[in-house]
file protein.csv (CSV, C-alpha atoms and all ligand atoms)
chain,number,residue,atom,x,y,z
A,139,MET,CA,36.2,11.6,3.6
A,140,ILE,CA,33.2,10.5,5.6
A,141,LYS,CA,32.3,6.8,5.4
A,142,VAL,CA,28.9,6.1,3.9
A,143,ASN,CA,26.4,3.3,4.5
A,144,ASP,CA,27.6,0.6,2.0
A,145,ASN,CA,24.2,-1.0,2.0
A,146,PHE,CA,22.9,1.8,-0.3
A,147,GLY,CA,25.3,0.5,-2.9
A,148,ARG,CA,23.5,-2.8,-2.8
A,149,LEU,CA,20.1,-1.3,-3.8
A,150,ALA,CA,18.9,-2.2,-7.2
A,151,PRO,CA,18.6,0.9,-9.4
A,152,ASN,CA,15.2,2.5,-9.0
A,153,TYR,CA,14.4,3.2,-12.6
A,154,LEU,CA,11.0,1.7,-13.1
A,155,PHE,CA,8.8,4.8,-13.1
A,156,SER,CA,11.4,7.1,-14.6
A,157,GLU,CA,12.0,4.6,-17.4
A,158,VAL,CA,8.2,4.4,-18.0
A,159,ALA,CA,8.1,8.2,-18.2
A,160,ARG,CA,11.2,8.4,-20.5
A,161,LYS,CA,9.7,5.9,-22.9
A,162,ILE,CA,6.4,7.7,-23.0
A,163,ARG,CA,8.2,11.0,-23.6
A,164,ILE,CA,10.2,9.6,-26.5
A,165,PHE,CA,7.1,8.0,-28.0
A,166,GLN,CA,5.2,11.3,-27.7
A,167,GLN,CA,8.1,13.2,-29.4
A,168,GLU,CA,8.1,10.8,-32.2
A,169,ASN,CA,4.3,10.7,-32.5
A,170,PRO,CA,3.1,14.2,-31.5
A,171,GLU,CA,-0.4,13.5,-32.7
A,172,ALA,CA,-0.8,10.4,-30.4
A,173,HIS,CA,-2.9,10.8,-27.3
A,174,VAL,CA,-1.2,8.6,-24.7
A,175,ILE,CA,-3.4,7.2,-21.9
A,176,LYS,CA,-1.5,6.5,-18.7
A,177,MET,CA,-2.9,3.4,-17.1
A,178,SER,CA,0.4,3.2,-15.2
A,179,ILE,CA,-0.4,5.8,-12.6
A,180,GLY,CA,-0.4,4.7,-9.0
A,181,ASP,CA,-1.8,8.0,-7.7
A,182,VAL,CA,-5.4,8.9,-7.2
A,183,THR,CA,-7.0,11.4,-9.7
A,184,ARG,CA,-10.2,12.4,-7.9
A,185,PRO,CA,-10.1,15.5,-5.7
A,186,LEU,CA,-10.4,15.5,-1.9
A,187,CYS,CA,-13.9,15.0,-0.7
A,188,PRO,CA,-15.8,18.1,0.4
A,189,ALA,CA,-16.0,16.9,4.1
A,190,ALA,CA,-12.2,16.8,4.3
A,191,VAL,CA,-11.8,20.2,2.5
A,192,GLU,CA,-14.3,21.8,4.9
A,193,ALA,CA,-12.4,20.4,7.9
A,194,LEU,CA,-9.1,21.7,6.4
A,195,HIS,CA,-10.6,25.2,6.2
A,196,ARG,CA,-11.9,25.0,9.8
A,197,ALA,CA,-8.5,23.8,11.0
A,198,ALA,CA,-6.8,26.7,9.2
A,199,ASP,CA,-9.1,29.0,11.1
A,200,ASP,CA,-8.3,27.3,14.4
A,201,GLN,CA,-4.6,27.9,13.8
A,202,GLY,CA,-5.4,31.7,13.3
A,203,LEU,CA,-7.0,32.2,16.7
A,204,ALA,CA,-5.2,32.2,20.1
A,205,GLU,CA,-8.0,30.1,21.8
A,206,THR,CA,-7.8,27.3,19.2
A,207,PHE,CA,-4.2,27.5,18.0
A,208,ARG,CA,-2.3,24.2,18.3
A,209,GLY,CA,1.5,23.9,18.3
A,210,TYR,CA,3.3,20.6,18.6
A,211,GLY,CA,0.8,17.8,18.9
A,212,PRO,CA,1.2,14.3,20.4
A,213,GLU,CA,3.9,12.5,18.3
A,214,GLN,CA,1.5,9.5,18.0
A,215,GLY,CA,-1.4,11.6,16.8
A,216,TYR,CA,-4.4,13.4,18.3
A,217,PRO,CA,-6.8,11.3,20.3
A,218,PHE,CA,-9.7,12.7,18.3
A,219,LEU,CA,-8.5,10.8,15.2
A,220,ALA,CA,-7.2,7.7,17.0
A,221,GLU,CA,-10.6,7.2,18.6
A,222,LYS,CA,-12.4,7.5,15.3
A,223,ILE,CA,-10.0,4.9,13.8
A,224,CYS,CA,-10.6,2.5,16.7
A,225,GLN,CA,-14.4,3.0,16.4
A,226,PHE,CA,-14.8,2.9,12.6
A,227,ASP,CA,-11.9,0.8,11.3
A,228,TYR,CA,-11.8,-1.8,14.1
A,229,ALA,CA,-14.8,-1.9,16.6
A,230,ALA,CA,-17.2,-1.8,13.6
A,231,ARG,CA,-15.6,-5.1,12.5
A,232,GLY,CA,-15.7,-6.6,16.0
A,233,ILE,CA,-12.0,-5.9,16.7
A,234,ASP,CA,-11.0,-4.3,20.0
A,235,ILE,CA,-8.1,-1.8,19.4
A,236,SER,CA,-7.5,0.9,21.9
A,237,PRO,CA,-6.3,4.4,20.8
A,238,ASP,CA,-2.9,3.9,22.5
A,239,GLU,CA,-2.3,1.0,20.1
A,240,VAL,CA,-2.7,3.4,17.1
A,241,PHE,CA,0.1,5.6,15.8
A,242,ILE,CA,-0.9,8.2,13.4
A,243,SER,CA,1.8,9.3,10.9
A,244,ASP,CA,2.4,11.1,7.6
A,245,GLY,CA,1.6,8.0,5.6
A,246,ALA,CA,2.1,4.3,5.4
A,247,LYS,CA,5.3,4.6,3.4
A,248,SER,CA,7.2,6.2,6.2
A,249,ASP,CA,6.0,3.7,8.8
A,250,LEU,CA,6.7,0.7,6.6
A,251,GLY,CA,10.2,2.2,5.9
A,252,ASN,CA,10.9,3.1,9.5
A,253,ILE,CA,9.5,0.1,11.3
A,254,GLY,CA,12.8,-1.8,10.8
A,255,ASP,CA,14.3,0.5,13.5
A,256,ILE,CA,12.7,-1.5,16.3
A,257,PHE,CA,14.0,-4.9,15.1
A,258,SER,CA,17.5,-6.3,15.2
A,259,ALA,CA,19.6,-5.9,12.1
A,260,ASP,CA,20.1,-9.7,12.4
A,261,CYS,CA,16.5,-10.4,11.7
A,262,THR,CA,15.7,-12.1,8.3
A,263,ALA,CA,12.9,-10.5,6.3
A,264,ALA,CA,10.5,-12.6,4.2
A,265,ILE,CA,9.1,-10.5,1.3
A,266,THR,CA,6.7,-11.6,-1.4
A,267,ASP,CA,7.8,-11.2,-5.0
A,268,PRO,CA,6.5,-9.2,-6.9
A,269,VAL,CA,6.1,-6.5,-4.3
A,270,TYR,CA,5.7,-2.8,-3.3
A,271,PRO,CA,9.5,-1.9,-3.5
A,272,VAL,CA,9.7,-0.1,-0.1
A,273,TYR,CA,9.9,-3.3,1.9
A,274,VAL,CA,12.9,-4.6,0.0
A,275,ASP,CA,14.8,-1.4,-0.3
A,276,THR,CA,14.5,-0.4,3.4
A,277,ASN,CA,15.7,-3.9,4.5
A,278,VAL,CA,18.6,-3.7,2.0
A,279,MET,CA,19.5,-0.3,3.5
A,280,THR,CA,19.7,-1.9,7.0
A,281,GLY,CA,21.7,-4.8,5.7
A,282,ARG,CA,19.1,-7.4,6.6
A,283,LYS,CA,19.0,-10.8,4.9
A,284,ILE,CA,15.9,-11.1,2.6
A,285,VAL,CA,14.1,-14.3,1.7
A,286,PHE,CA,11.8,-13.8,-1.3
A,287,LEU,CA,8.5,-15.6,-1.4
A,288,PRO,CA,7.6,-16.1,-5.1
A,289,CYS,CA,4.0,-15.4,-6.1
A,290,THR,CA,3.5,-17.1,-9.5
A,291,GLU,CA,0.9,-18.8,-11.7
A,292,ALA,CA,1.8,-22.1,-10.1
A,293,ASN,CA,0.8,-21.0,-6.6
A,294,GLY,CA,-2.1,-18.8,-7.8
A,295,MET,CA,-0.1,-15.7,-6.5
A,296,VAL,CA,-0.5,-17.1,-2.9
A,297,PRO,CA,3.0,-17.2,-1.4
A,298,GLY,CA,4.1,-20.4,0.2
A,299,LEU,CA,5.5,-20.5,3.8
A,300,PRO,CA,9.2,-19.8,4.0
A,301,THR,CA,11.4,-22.9,3.7
A,302,GLU,CA,14.2,-21.3,5.9
A,303,PRO,CA,13.9,-19.4,9.2
A,304,VAL,CA,12.6,-15.8,9.0
A,305,ASP,CA,11.7,-13.2,11.6
A,306,LEU,CA,9.8,-10.5,9.8
A,307,ILE,CA,7.1,-11.3,7.2
A,308,TYR,CA,5.8,-8.6,4.9
A,309,LEU,CA,2.3,-9.2,3.6
A,310,CYS,CA,0.4,-6.7,1.5
A,311,TYR,CA,-3.3,-7.5,0.9
A,312,PRO,CA,-5.1,-6.4,-1.2
A,313,ASN,CA,-1.8,-6.6,-3.1
A,314,ASN,CA,0.1,-4.0,-5.0
A,315,PRO,CA,0.9,-4.8,-7.8
A,316,THR,CA,-1.0,-8.1,-8.4
A,317,GLY,CA,-4.4,-6.9,-7.1
A,318,THR,CA,-4.8,-10.3,-5.4
A,319,THR,CA,-6.1,-11.0,-1.9
A,320,LEU,CA,-5.8,-13.7,0.8
A,321,THR,CA,-9.0,-15.3,2.2
A,322,ARG,CA,-9.4,-15.6,6.0
A,323,ALA,CA,-8.2,-19.2,5.9
A,324,GLN,CA,-5.2,-18.3,3.8
A,325,LEU,CA,-4.2,-15.4,6.1
A,326,LYS,CA,-4.8,-17.7,9.2
A,327,VAL,CA,-2.0,-20.0,7.8
A,328,TRP,CA,0.4,-17.0,8.1
A,329,VAL,CA,-0.8,-16.0,11.6
A,330,ASP,CA,-0.4,-19.6,12.8
A,331,TYR,CA,3.0,-19.9,11.3
A,332,ALA,CA,4.2,-16.5,12.7
A,333,ARG,CA,3.0,-17.5,16.2
A,334,LYS,CA,4.7,-20.9,15.9
A,335,VAL,CA,8.1,-19.6,14.9
A,336,GLY,CA,8.0,-16.3,16.8
A,337,ALA,CA,8.0,-14.1,13.7
A,338,VAL,CA,6.2,-10.8,13.3
A,339,ILE,CA,3.9,-10.1,10.3
A,340,LEU,CA,4.0,-6.6,8.9
A,341,PHE,CA,0.6,-6.4,7.3
A,342,ASP,CA,0.1,-3.6,4.8
A,343,SER,CA,-3.6,-3.1,4.2
A,344,ALA,CA,-3.3,0.3,2.4
A,345,TYR,CA,-5.9,-1.0,-0.2
A,346,GLU,CA,-8.4,-2.4,2.3
A,347,CYS,CA,-11.2,0.0,1.2
A,348,PHE,CA,-11.3,-1.7,-2.2
A,349,ILE,CA,-12.3,-5.1,-0.8
A,350,THR,CA,-15.7,-6.1,-2.2
A,351,GLU,CA,-15.9,-9.8,-1.4
A,352,GLU,CA,-17.1,-11.3,1.9
A,353,ASP,CA,-14.4,-13.7,2.8
A,354,ILE,CA,-11.5,-11.3,2.5
A,355,PRO,CA,-10.2,-9.8,5.8
A,356,HIS,CA,-9.9,-6.0,5.9
A,357,SER,CA,-7.6,-6.3,8.9
A,358,ILE,CA,-5.2,-9.0,10.0
A,359,TYR,CA,-6.8,-8.7,13.5
A,360,GLU,CA,-9.9,-10.4,12.1
A,361,ILE,CA,-7.8,-13.5,12.6
A,362,GLU,CA,-7.8,-14.6,16.2
A,363,GLU,CA,-4.4,-14.3,17.9
A,364,ALA,CA,-3.0,-12.0,15.2
A,365,LYS,CA,-2.6,-9.3,17.9
A,366,GLU,CA,0.2,-11.4,19.3
A,367,CYS,CA,2.1,-11.6,16.0
A,368,ALA,CA,1.2,-8.7,13.7
A,369,ILE,CA,1.6,-5.0,13.1
A,370,GLU,CA,-0.9,-3.4,10.7
A,371,PHE,CA,-0.2,-0.5,8.4
A,372,ARG,CA,-3.0,1.7,7.0
A,373,SER,CA,-3.2,4.7,4.8
A,374,PHE,CA,-5.7,7.5,4.0
A,375,SER,CA,-4.0,7.9,0.6
A,376,LYS,CA,-6.2,5.5,-1.5
A,377,THR,CA,-9.1,5.4,1.0
A,378,ALA,CA,-9.7,9.1,1.0
A,379,GLY,CA,-7.5,10.6,-1.8
A,380,PHE,CA,-4.8,11.8,0.7
A,381,THR,CA,-1.7,11.0,-1.4
A,382,GLY,CA,-0.9,14.7,-1.4
A,383,MET,CA,-2.1,15.3,2.2
A,384,ARG,CA,0.0,12.6,3.8
A,385,CYS,CA,-1.7,10.7,6.6
A,386,GLY,CA,-1.7,7.0,7.6
A,387,TYR,CA,-1.4,5.0,10.8
A,388,THR,CA,0.1,1.9,12.3
A,389,VAL,CA,-1.4,-0.4,14.8
A,390,ILE,CA,0.8,-2.2,17.3
A,391,PRO,CA,-1.2,-4.1,19.9
A,392,HIS,CA,0.0,-4.3,23.5
A,393,ALA,CA,0.0,-8.1,23.2
A,394,LEU,CA,2.8,-8.0,20.7
A,395,LYS,CA,6.2,-8.7,22.3
A,396,GLY,CA,9.8,-9.1,21.3
A,397,VAL,CA,12.9,-10.1,23.1
A,398,ASP,CA,16.1,-8.2,23.7
A,399,SER,CA,19.6,-9.7,23.5
A,400,MET,CA,19.5,-10.3,27.3
A,401,GLY,CA,16.4,-12.4,26.9
A,402,ASN,CA,14.0,-9.8,28.4
A,403,GLU,CA,10.5,-9.5,27.0
A,404,VAL,CA,10.0,-6.1,25.3
A,405,SER,CA,6.7,-4.4,24.2
A,406,LEU,CA,6.9,-3.5,20.5
A,407,ASN,CA,4.2,-0.9,21.1
A,408,GLY,CA,6.6,0.7,23.7
A,409,LEU,CA,9.6,0.5,21.3
A,410,TRP,CA,7.7,2.1,18.5
A,411,ARG,CA,6.4,4.9,20.8
A,412,ARG,CA,10.0,5.5,21.8
A,413,ARG,CA,11.1,5.6,18.2
A,414,GLN,CA,8.3,7.9,17.1
A,415,THR,CA,8.6,10.3,20.0
A,416,THR,CA,12.3,10.6,19.2
A,417,LYS,CA,12.3,10.8,15.4
A,418,PHE,CA,8.8,12.1,14.5
A,419,ASN,CA,6.8,15.1,15.7
A,420,GLY,CA,3.4,14.1,14.6
A,421,ALA,CA,1.2,14.5,11.4
A,422,SER,CA,0.0,18.1,11.1
A,423,TYR,CA,-3.1,19.2,12.9
A,424,PRO,CA,-5.1,20.3,9.8
A,425,ILE,CA,-4.3,17.0,8.1
A,426,GLN,CA,-5.5,15.0,11.1
A,427,ARG,CA,-8.7,17.1,11.3
A,428,ALA,CA,-9.3,16.4,7.6
A,429,ALA,CA,-8.7,12.7,8.2
A,430,GLU,CA,-11.2,12.9,11.1
A,431,ALA,CA,-13.8,14.4,8.8
A,432,ILE,CA,-13.9,11.3,6.6
A,433,TYR,CA,-15.4,9.4,9.5
A,434,THR,CA,-18.5,11.8,9.6
A,435,PRO,CA,-21.6,10.5,7.8
A,436,SER,CA,-21.1,12.8,4.8
A,437,GLY,CA,-17.3,12.0,4.8
A,438,GLN,CA,-18.1,8.3,4.7
A,439,THR,CA,-20.6,8.6,1.8
A,440,GLN,CA,-18.1,10.8,-0.1
A,441,ILE,CA,-15.1,8.6,0.2
A,442,ARG,CA,-17.2,5.5,-0.7
A,443,GLU,CA,-18.3,7.3,-3.8
A,444,SER,CA,-14.7,7.8,-4.9
A,445,VAL,CA,-13.6,4.2,-4.1
A,446,ASP,CA,-16.7,2.9,-6.0
A,447,TYR,CA,-15.7,5.1,-9.0
A,448,TYR,CA,-12.2,3.5,-9.1
A,449,LEU,CA,-13.8,0.0,-8.6
A,450,HIS,CA,-16.1,0.7,-11.5
A,451,ASN,CA,-13.0,1.6,-13.6
A,452,ALA,CA,-11.4,-1.7,-12.4
A,453,ALA,CA,-14.5,-3.6,-13.6
A,454,ILE,CA,-14.1,-2.0,-17.0
A,455,LEU,CA,-10.4,-3.0,-17.0
A,456,ARG,CA,-11.3,-6.6,-16.2
A,457,GLN,CA,-14.0,-6.6,-18.9
A,458,GLY,CA,-11.7,-5.0,-21.6
A,459,ILE,CA,-8.6,-7.1,-20.8
A,460,GLY,CA,-10.7,-10.3,-20.8
A,461,ALA,CA,-12.3,-9.3,-24.1
A,462,ALA,CA,-8.9,-8.8,-25.7
A,463,GLY,CA,-8.1,-12.4,-24.9
A,464,LEU,CA,-5.5,-11.6,-22.2
A,465,ASN,CA,-5.2,-13.4,-18.9
A,466,PHE,CA,-5.3,-11.3,-15.8
A,467,ARG,CA,-5.9,-11.2,-12.0
A,468,GLY,CA,-7.1,-8.6,-9.6
A,469,GLY,CA,-9.5,-5.7,-10.1
A,470,ILE,CA,-12.2,-7.1,-7.8
A,471,ASN,CA,-10.8,-6.2,-4.4
A,472,ALA,CA,-8.1,-3.9,-5.6
A,473,PRO,CA,-7.5,-1.0,-8.0
A,474,TYR,CA,-4.9,-3.0,-9.9
A,475,VAL,CA,-5.2,-5.5,-12.7
A,476,TRP,CA,-2.2,-7.8,-13.2
A,477,VAL,CA,-2.1,-8.8,-16.8
A,478,LYS,CA,-0.1,-11.8,-18.2
A,479,THR,CA,1.8,-10.7,-21.2
A,480,PRO,CA,1.0,-12.7,-24.4
A,481,GLU,CA,3.2,-15.8,-25.0
A,482,GLY,CA,6.8,-15.0,-25.3
A,483,LEU,CA,6.7,-11.3,-24.6
A,484,SER,CA,8.6,-9.8,-21.6
A,485,SER,CA,7.1,-7.1,-19.4
A,486,TRP,CA,9.0,-4.4,-21.3
A,487,GLU,CA,8.3,-5.9,-24.7
A,488,PHE,CA,4.6,-5.9,-24.0
A,489,PHE,CA,4.8,-2.3,-22.6
A,490,ASP,CA,6.4,-1.2,-25.9
A,491,LEU,CA,3.9,-3.0,-28.0
A,492,LEU,CA,0.9,-1.7,-26.1
A,493,LEU,CA,2.3,1.9,-26.3
A,494,ALA,CA,3.1,1.6,-30.0
A,495,GLN,CA,-0.2,0.0,-31.0
A,496,THR,CA,-2.8,1.5,-28.6
A,497,HIS,CA,-1.0,4.5,-27.1
A,498,VAL,CA,-1.8,3.0,-23.7
A,499,ALA,CA,1.0,3.1,-21.0
A,500,CYS,CA,1.2,0.3,-18.4
A,501,THR,CA,3.7,-0.5,-15.7
A,502,PRO,CA,6.1,-3.5,-16.5
A,503,GLY,CA,5.6,-6.1,-13.9
A,504,VAL,CA,9.4,-6.9,-13.7
A,505,GLY,CA,9.9,-3.6,-12.0
A,506,PHE,CA,8.2,-5.0,-8.9
A,507,GLY,CA,10.5,-8.0,-8.7
A,508,LEU,CA,11.8,-11.0,-10.7
A,509,CYS,CA,8.5,-12.9,-10.4
A,510,GLY,CA,6.8,-9.9,-12.0
A,511,GLU,CA,8.5,-10.7,-15.3
A,512,GLY,CA,5.9,-11.6,-17.9
A,513,TYR,CA,3.2,-9.3,-16.5
A,514,VAL,CA,2.2,-5.7,-16.6
A,515,ARG,CA,0.1,-3.7,-14.1
A,516,LEU,CA,-2.8,-1.5,-15.1
A,517,THR,CA,-4.4,0.8,-12.6
A,518,ALA,CA,-8.0,1.9,-12.1
A,519,PHE,CA,-6.9,5.4,-10.9
A,520,ASN,CA,-7.6,7.1,-14.2
A,521,THR,CA,-10.8,8.8,-15.2
A,522,LEU,CA,-13.8,6.7,-16.4
A,523,ALA,CA,-13.5,8.3,-19.9
A,524,ALA,CA,-9.8,7.5,-20.1
A,525,THR,CA,-10.3,4.0,-18.8
A,526,GLU,CA,-13.1,3.3,-21.4
A,527,MET,CA,-11.0,4.8,-24.2
A,528,ALA,CA,-8.0,2.7,-23.2
A,529,MET,CA,-10.1,-0.5,-23.2
A,530,ASP,CA,-11.6,0.4,-26.6
A,531,ARG,CA,-8.1,0.7,-28.0
A,532,ILE,CA,-6.9,-2.5,-26.4
A,533,SER,CA,-9.8,-4.4,-27.9
A,534,LYS,CA,-8.2,-3.6,-31.3
A,535,LEU,CA,-4.8,-4.9,-30.2
A,536,THR,CA,-3.3,-7.3,-32.7
A,537,LEU,CA,-0.7,-9.8,-31.4
B,601,LIG,N1,1.6,0.5,0.8
B,601,LIG,C1,1.4,0.1,-0.5
B,601,LIG,C2,1.2,-1.3,-0.9
B,601,LIG,C3,1.3,1.1,-1.5
B,601,LIG,O1,1.0,0.8,-2.8
B,601,LIG,C4,1.5,2.5,-1.1
B,601,LIG,C5,1.4,3.6,-2.1
B,601,LIG,O2,1.4,3.4,-3.3
B,601,LIG,C6,1.7,2.7,0.2
B,601,LIG,C7,1.8,1.7,1.1
B,601,LIG,C8,2.1,4.2,0.7
B,601,LIG,O3,1.0,4.8,1.2
B,601,LIG,P1,1.2,6.3,1.7
B,601,LIG,O4,0.7,7.2,0.6
B,601,LIG,O5,0.2,6.3,2.9
B,601,LIG,O6,2.6,6.5,2.2

call {"tool": "encode", "arguments": {"input": "protein.csv", "output": "structure tokens"}}
result
Amino acid sequence: MIKVNDNFGRLAPNYLFSEVARKIRIFQQENPEAHVIKMSIGDVTRPLCPAAVEALHRAADDQGLAETFRGYGPEQGYPFLAEKICQFDYAARGIDISPDEVFISDGAKSDLGNIGDIFSADCTAAITDPVYPVYVDTNVMTGRKIVFLPCTEANGMVPGLPTEPVDLIYLCYPNNPTGTTLTRAQLKVWVDYARKVGAVILFDSAYECFITEEDIPHSIYEIEEAKECAIEFRSFSKTAGFTGMRCGYTVIPHALKGVDSMGNEVSLNGLWRRRQTTKFNGASYPIQRAAEAIYTPSGQTQIRESVDYYLHNAAILRQGIGAAGLNFRGGINAPYVWVKTPEGLSSWEFFDLLLAQTHVACTPGVGFGLCGEGYVRLTAFNTLAATEMAMDRISKLTL
């Protein structure tokens, strides 16, 4: 029989969301009259904005006419979208990124999962804990050594620098699941460290559009010299409700270099281009047209309205959770609120208690890593009415 990749056997069972769904299903069967509010969802609930929908329709028409039909596009994305990204997401913040440093894809998850292809399997990956599980699992699949960087009450959820040598550093800010951020000064510590030790930072800023505070960088390239040590991953999923559309992008500056086993300097931009042109055939034309439309004046207003809607929900979560006497973080620059479970309760025990008493479902923090034990995550991605109702119920929680 064919030999399989043994590393898959080293993956932790991925049961978090299926276990949450199973528990809700059982609860619902036993309590058919209960109306369960899912504050566990990590998906957007608001529809695509009209500007994107109109662009989709126009792109469908383009595909039906010989003069405007497009077949295979550039693997790294159409220039019409890459130019808008450079102008709106970077130049507008004083950052000079050229279109050939931008790689458009079918979403940040694929890029975050695939980026390991261009690095040696011998690299050690530093990953914060708790964390978006894709970083850990994809490195386990490759057989890389992983060093966890605990984010705890003691360090205020700000990871400390690794105490052993690492090569790849995964940072996600604003953070999923904790909703916390790094200030410019805190992020600069990582950029300085990466440059000093020759590591590469893989900076996931999928939630950048939720930043409301001044001192929080939207892009790692706001830190000087980050272009020499960081790759940035962005997504249209939460910014523009593209979870079902699939579009994101990765920025790899030309200044970012690696070294091969012969000691030759290698451009990471060049390696990723080679990887993408070999294994990826580009995000679809209509989807890239829809993404382009969010950079029009009406598109910008419409996506801002949705992000503000979720941020308003997040503010209601903060208010409600605080009023219930629970400790929490996040919800200011992120759609997630990270709630400390009451004294003595594990993540799953608090999940069960919340579901039983308030019929509100959350996500147990331990599912995001060992340091997530003792927390649960609530999301702002529900409707305003459901969020308000959930908080009203939680205000009556008895512990
Ligand atoms: N990065 C983080 C931190 C996320 O939470 C998610 C989705 O939940 C993604 C990336 C994936 O984004 P995309 O939908 O573009 O694949």

call {"tool": "residues_around", "arguments": {"input": "protein.csv", "residues": "A:Asp260", "least_positions_apart": "6", "cutoff": "9 Å", "atoms": "all atoms listed in the file", "output": "ChimeraX atom specification"}}
result
/A:281-283

call {"tool": "closest_residue", "arguments": {"input": "protein.csv", "among": "A:Pro151, A:Gly317, A:Gly401, A:Gly211", "to": "A:Gly468", "atoms": "all atoms listed in the file"}}
result
A:Gly317

call {"tool": "residues_near_point", "arguments": {"input": "protein.csv", "point": "(-16.8, -11.0, 1.5)", "cutoff": "12 Å", "atoms": "only C-alpha atoms", "output": "JSON, numbers by chain"}}
result
{"A": [319, 320, 321, 322, 348, 349, 350, 351, 352, 353, 354, 355, 356, 470, 471]}

call {"tool": "residues_near_ligand", "arguments": {"input": "protein.csv", "ligand": "ligand LIG 601 (chain B)", "cutoff": "6 Å", "atoms": "all atoms listed in the file", "output": "PyMOL selection string"}}
result
chain A and resi 245-247+270+310+314+342+344+373+375+381+386

call {"tool": "residues_around", "arguments": {"input": "protein.csv", "residues": "stretch 425-433 of chain A", "least_positions_apart": "3", "cutoff": "7 Å", "atoms": "only C-alpha atoms", "output": "MDAnalysis selection string"}}
result
chainID A and resid 189:191 193:194 197 219 222 383 385 421:422 437:438

call {"tool": "closest_residue", "arguments": {"input": "protein.csv", "among": "A:Leu516, A:Cys261, A:Ala462, A:Ala332", "to": "A:Lys534", "atoms": "only C-alpha atoms"}}
result
A:Ala462

call {"tool": "closest_residue", "arguments": {"input": "protein.csv", "among": "A:Glu511, A:Glu366, A:Asp490, A:Glu360", "to": "A:Asp267", "atoms": "all atoms listed in the file"}}
result
A:Glu511

call {"tool": "residues_near_point", "arguments": {"input": "protein.csv", "point": "(-12.4, 2.7, -12.8)", "cutoff": "12 Å", "atoms": "all atoms listed in the file", "output": "PDB file with C-alpha atoms, in the frame of the given file"}}
result
ATOM      1  CA  MET A 177      -2.900   3.400 -17.100  1.00  0.00           C
ATOM      2  CA  VAL A 182      -5.400   8.900  -7.200  1.00  0.00           C
ATOM      3  CA  THR A 183      -7.000  11.400  -9.700  1.00  0.00           C
ATOM      4  CA  ARG A 184     -10.200  12.400  -7.900  1.00  0.00           C
ATOM      5  CA  PHE A 348     -11.300  -1.700  -2.200  1.00  0.00           C
ATOM      6  CA  GLU A 443     -18.300   7.300  -3.800  1.00  0.00           C
ATOM      7  CA  SER A 444     -14.700   7.800  -4.900  1.00  0.00           C
ATOM      8  CA  VAL A 445     -13.600   4.200  -4.100  1.00  0.00           C
ATOM      9  CA  ASP A 446     -16.700   2.900  -6.000  1.00  0.00           C
ATOM     10  CA  TYR A 447     -15.700   5.100  -9.000  1.00  0.00           C
ATOM     11  CA  TYR A 448     -12.200   3.500  -9.100  1.00  0.00           C
ATOM     12  CA  LEU A 449     -13.800   0.000  -8.600  1.00  0.00           C
ATOM     13  CA  HIS A 450     -16.100   0.700 -11.500  1.00  0.00           C
ATOM     14  CA  ASN A 451     -13.000   1.600 -13.600  1.00  0.00           C
ATOM     15  CA  ALA A 452     -11.400  -1.700 -12.400  1.00  0.00           C
ATOM     16  CA  ALA A 453     -14.500  -3.600 -13.600  1.00  0.00           C
ATOM     17  CA  ILE A 454     -14.100  -2.000 -17.000  1.00  0.00           C
ATOM     18  CA  LEU A 455     -10.400  -3.000 -17.000  1.00  0.00           C
ATOM     19  CA  ARG A 456     -11.300  -6.600 -16.200  1.00  0.00           C
ATOM     20  CA  GLN A 457     -14.000  -6.600 -18.900  1.00  0.00           C
ATOM     21  CA  GLY A 458     -11.700  -5.000 -21.600  1.00  0.00           C
ATOM     22  CA  GLY A 469      -9.500  -5.700 -10.100  1.00  0.00           C
ATOM     23  CA  ILE A 470     -12.200  -7.100  -7.800  1.00  0.00           C
ATOM     24  CA  ALA A 472      -8.100  -3.900  -5.600  1.00  0.00           C
ATOM     25  CA  PRO A 473      -7.500  -1.000  -8.000  1.00  0.00           C
ATOM     26  CA  TYR A 474      -4.900  -3.000  -9.900  1.00  0.00           C
ATOM     27  CA  VAL A 475      -5.200  -5.500 -12.700  1.00  0.00           C
ATOM     28  CA  LEU A 516      -2.800  -1.500 -15.100  1.00  0.00           C
ATOM     29  CA  THR A 517      -4.400   0.800 -12.600  1.00  0.00           C
ATOM     30  CA  ALA A 518      -8.000   1.900 -12.100  1.00  0.00           C
ATOM     31  CA  PHE A 519      -6.900   5.400 -10.900  1.00  0.00           C
ATOM     32  CA  ASN A 520      -7.600   7.100 -14.200  1.00  0.00           C
ATOM     33  CA  THR A 521     -10.800   8.800 -15.200  1.00  0.00           C
ATOM     34  CA  LEU A 522     -13.800   6.700 -16.400  1.00  0.00           C
ATOM     35  CA  ALA A 523     -13.500   8.300 -19.900  1.00  0.00           C
ATOM     36  CA  ALA A 524      -9.800   7.500 -20.100  1.00  0.00           C
ATOM     37  CA  THR A 525     -10.300   4.000 -18.800  1.00  0.00           C
ATOM     38  CA  GLU A 526     -13.100   3.300 -21.400  1.00  0.00           C
ATOM     39  CA  MET A 527     -11.000   4.800 -24.200  1.00  0.00           C
ATOM     40  CA  ALA A 528      -8.000   2.700 -23.200  1.00  0.00           C
ATOM     41  CA  MET A 529     -10.100  -0.500 -23.200  1.00  0.00           C
TER      42      MET A 529
END

call {"tool": "atom_distance", "arguments": {"input": "protein.csv", "atom1": "atom CA of A:Lys478", "atom2": "atom CA of A:Arg515"}}
result
9.1 Å

call {"tool": "closest_residue", "arguments": {"input": "protein.csv", "among": "A:Lys395, A:Phe489, A:Pro217, A:Thr536", "to": "A:Gly463", "atoms": "all atoms listed in the file"}}
result
A:Thr536
